[in-house]
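One structure is given here, and the rest of the page talks about it.
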Amino acid sequence: MTDRRDLRRRDELREAAARYALLPLRVFLGVTFVYAGLDKLTDPGFFAAEGTGSIGEVMRGVRDTSAVPWLVDLALKNPAGFGYAMAFGELAVGLGTLAGLFARVAALGGACLSLSLWLTVSWQADPYYLGNDLAYLMAWLPLVLAGAPLLSLDALFAARRRRSRTR
């Protein structure tokens with residue numbers, strides 16, 4: 001009798017672990033992208049066209065080693081605008097991911113940001129796996145596929161829709 005109860009308890013724990021498996025990844029990516037966006041927004045030097053640590057300086061530094069130099073050229077036409085778009089994009093992606101609001105859309109946005117950073121800023125990393133943006137891109141993909149089915153606004157709204165349909 002005890003063995004059967006132990007097996008059932010182990011199965012329940014495995015099922016719970018599987019349900020919550022993406023939650024640590026979601027929290028990590030959400031916090032990281034909120035932090036990255038706020039870090040940029042609170043650094044006035046970041047939005048400058050020139051100067052140490054500025055978006056313009058970074059883009060000029062990676063232009064010739066980028067896989068997509070046309071994207072870097074586009075950013076260099078308006079470095080401040082590009083920098084603000086990136087900062088607000090990271091902030092929106094991070095907040096959406098943490099709250100689980102339009103979680104798949106937020107994760108797709110995070111994947112797109114990570115892809116563009118990998119193809120520009122991290123592209124010259126040799127070997128390729130040392131470019132951290134590639135790891136972020138891969139980390140977003142499970143959240144693109146699964147969304148945020150637990151502890152999220154998406155799940156709350158879905159439960160409300162189900163309840164209202166059954167009335």
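Just so we're on the same page: first chain in the structure tokens is A, next is B, and so on; residues restart at 1 for each chain, and ligands are numbered from 1 in the order they show up.
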- Message: Which residues are close to Ala139 of chain A, i.e. within 10 Å by only C-alpha atoms, leaving aside same-chain residues fewer than 4 positions away? Reply as a ChimeraX atom specification.
- Response: /A:25-26,28-29,107,110-111,114,133-135,143-144
Limited to N, CA, C and O atoms, could you put the picked residues into a file as a PDB file, in the first residue's frame?
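For reference, selection_34.pdb as written:
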```
ATOM      1  N   LEU A  25      12.750  29.740 -16.686  1.00  0.00           N
ATOM      2  CA  LEU A  25      13.244  30.350 -17.922  1.00  0.00           C
ATOM      3  C   LEU A  25      12.492  31.649 -18.205  1.00  0.00           C
ATOM      4  O   LEU A  25      13.092  32.664 -18.558  1.00  0.00           O
ATOM      5  N   ARG A  26      11.192  31.616 -18.014  1.00  0.00           N
ATOM      6  CA  ARG A  26      10.362  32.810 -18.237  1.00  0.00           C
ATOM      7  C   ARG A  26      10.766  33.938 -17.290  1.00  0.00           C
ATOM      8  O   ARG A  26      10.903  35.090 -17.707  1.00  0.00           O
ATOM      9  N   PHE A  28      13.709  34.301 -15.721  1.00  0.00           N
ATOM     10  CA  PHE A  28      15.061  34.747 -16.071  1.00  0.00           C
ATOM     11  C   PHE A  28      15.055  35.672 -17.281  1.00  0.00           C
ATOM     12  O   PHE A  28      15.637  36.759 -17.249  1.00  0.00           O
ATOM     13  N   LEU A  29      14.397  35.261 -18.347  1.00  0.00           N
ATOM     14  CA  LEU A  29      14.375  36.084 -19.559  1.00  0.00           C
ATOM     15  C   LEU A  29      13.616  37.383 -19.327  1.00  0.00           C
ATOM     16  O   LEU A  29      14.035  38.445 -19.799  1.00  0.00           O
ATOM     17  N   ALA A 107       7.557  36.559 -26.422  1.00  0.00           N
ATOM     18  CA  ALA A 107       8.690  35.661 -26.652  1.00  0.00           C
ATOM     19  C   ALA A 107       9.188  35.771 -28.093  1.00  0.00           C
ATOM     20  O   ALA A 107      10.402  35.747 -28.339  1.00  0.00           O
ATOM     21  N   GLY A 110      11.228  38.824 -28.196  1.00  0.00           N
ATOM     22  CA  GLY A 110      12.536  38.550 -27.592  1.00  0.00           C
ATOM     23  C   GLY A 110      13.437  37.762 -28.522  1.00  0.00           C
ATOM     24  O   GLY A 110      14.632  38.031 -28.628  1.00  0.00           O
ATOM     25  N   ALA A 111      12.852  36.788 -29.210  1.00  0.00           N
ATOM     26  CA  ALA A 111      13.632  35.998 -30.166  1.00  0.00           C
ATOM     27  C   ALA A 111      14.129  36.874 -31.314  1.00  0.00           C
ATOM     28  O   ALA A 111      15.278  36.752 -31.746  1.00  0.00           O
ATOM     29  N   SER A 114      16.939  39.065 -30.038  1.00  0.00           N
ATOM     30  CA  SER A 114      18.145  38.254 -29.856  1.00  0.00           C
ATOM     31  C   SER A 114      18.760  37.868 -31.192  1.00  0.00           C
ATOM     32  O   SER A 114      19.988  37.865 -31.337  1.00  0.00           O
ATOM     33  N   ASP A 133      24.154  36.123 -27.551  1.00  0.00           N
ATOM     34  CA  ASP A 133      22.825  36.381 -28.109  1.00  0.00           C
ATOM     35  C   ASP A 133      22.222  35.145 -28.768  1.00  0.00           C
ATOM     36  O   ASP A 133      21.005  35.012 -28.823  1.00  0.00           O
ATOM     37  N   LEU A 134      23.054  34.242 -29.241  1.00  0.00           N
ATOM     38  CA  LEU A 134      22.548  32.991 -29.808  1.00  0.00           C
ATOM     39  C   LEU A 134      21.880  32.151 -28.717  1.00  0.00           C
ATOM     40  O   LEU A 134      20.817  31.569 -28.934  1.00  0.00           O
ATOM     41  N   ALA A 135      22.478  32.107 -27.544  1.00  0.00           N
ATOM     42  CA  ALA A 135      21.884  31.353 -26.427  1.00  0.00           C
ATOM     43  C   ALA A 135      20.535  31.958 -26.029  1.00  0.00           C
ATOM     44  O   ALA A 135      19.580  31.228 -25.746  1.00  0.00           O
ATOM     45  N   LEU A 143       9.456  29.283 -25.200  1.00  0.00           N
ATOM     46  CA  LEU A 143       8.365  30.173 -24.786  1.00  0.00           C
ATOM     47  C   LEU A 143       7.530  30.615 -25.983  1.00  0.00           C
ATOM     48  O   LEU A 143       6.325  30.853 -25.837  1.00  0.00           O
ATOM     49  N   VAL A 144       8.132  30.710 -27.156  1.00  0.00           N
ATOM     50  CA  VAL A 144       7.359  30.985 -28.373  1.00  0.00           C
ATOM     51  C   VAL A 144       6.389  29.829 -28.606  1.00  0.00           C
ATOM     52  O   VAL A 144       5.217  30.035 -28.918  1.00  0.00           O
TER      53      VAL A 144
END
```
- Message: Need the shell around segment 30-34 of chain A: protein/DNA/RNA residues with any atom at most 9 Å away, counting only C-alpha atoms. Skip same-chain ones fewer than 3 positions apart. Format as number ranges by chain?
- Response: A: 25-27, 37-39, 87, 89-99, 110
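Going from atom CA of Leu101 of chain A over to atom CA of Thr166 of chain A, you cover 23.5 Å.
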- How many Å separate atom CA of Leu137 of chain A from atom CA of Tyr84 of chain A?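 Separating atom CA of Leu137 of chain A from atom CA of Tyr84 of chain A is a distance of 20.8 Å.
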- Query: So which residues touch segment 7-20 of chain A within 10 Å, counting only C-alpha atoms, skipping near sequence neighbours fewer than 2 positions away, as an MDAnalysis selection string?
  - Reply: chainID A and resid 2:5 22:25 148:151
Write out the residues from the selection above, keeping N, CA and C atoms, as a compact mmCIF listing (two decimals), in the first residue's frame.
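What follows is the written file part.txt:
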```txt
# COMPACT_ATOMS: atom_id res chain seq x y z
N THR A 2 1.90 1.26 0.82
CA THR A 2 2.79 2.41 0.90
C THR A 2 3.54 2.61 -0.41
N ASP A 3 3.94 1.51 -1.04
CA ASP A 3 4.66 1.61 -2.32
C ASP A 3 3.79 2.27 -3.38
N ARG A 4 2.51 1.90 -3.45
CA ARG A 4 1.60 2.48 -4.42
C ARG A 4 1.41 3.98 -4.17
N ARG A 5 1.29 4.35 -2.90
CA ARG A 5 1.15 5.76 -2.54
C ARG A 5 2.41 6.53 -2.89
N LEU A 22 8.96 25.57 -17.49
CA LEU A 22 9.37 26.78 -18.22
C LEU A 22 9.32 28.04 -17.37
N LEU A 23 8.78 27.95 -16.17
CA LEU A 23 8.65 29.14 -15.33
C LEU A 23 10.01 29.77 -14.97
N PRO A 24 11.03 29.00 -14.58
CA PRO A 24 12.32 29.64 -14.29
C PRO A 24 12.91 30.33 -15.52
N LEU A 25 12.75 29.74 -16.69
CA LEU A 25 13.24 30.35 -17.92
C LEU A 25 12.49 31.65 -18.20
N ALA A 148 2.77 30.97 -21.94
CA ALA A 148 2.85 30.99 -20.47
C ALA A 148 1.54 30.43 -19.92
N PRO A 149 1.41 29.11 -19.90
CA PRO A 149 0.15 28.50 -19.50
C PRO A 149 -0.15 28.57 -18.00
N LEU A 150 0.85 28.89 -17.18
CA LEU A 150 0.66 28.93 -15.73
C LEU A 150 1.15 30.25 -15.17
N LEU A 151 0.50 30.69 -14.11
CA LEU A 151 0.91 31.91 -13.40
C LEU A 151 1.09 33.07 -14.37
```
- Task: Would you return as a PyMOL selection string the members of chain A that DSSP assigns to alpha helix (DSSP H) on this structure's backbone?
- Result: chain A and resi 2-19+23-41+55-62+69-77+79-99+103-120+132-146+153-166
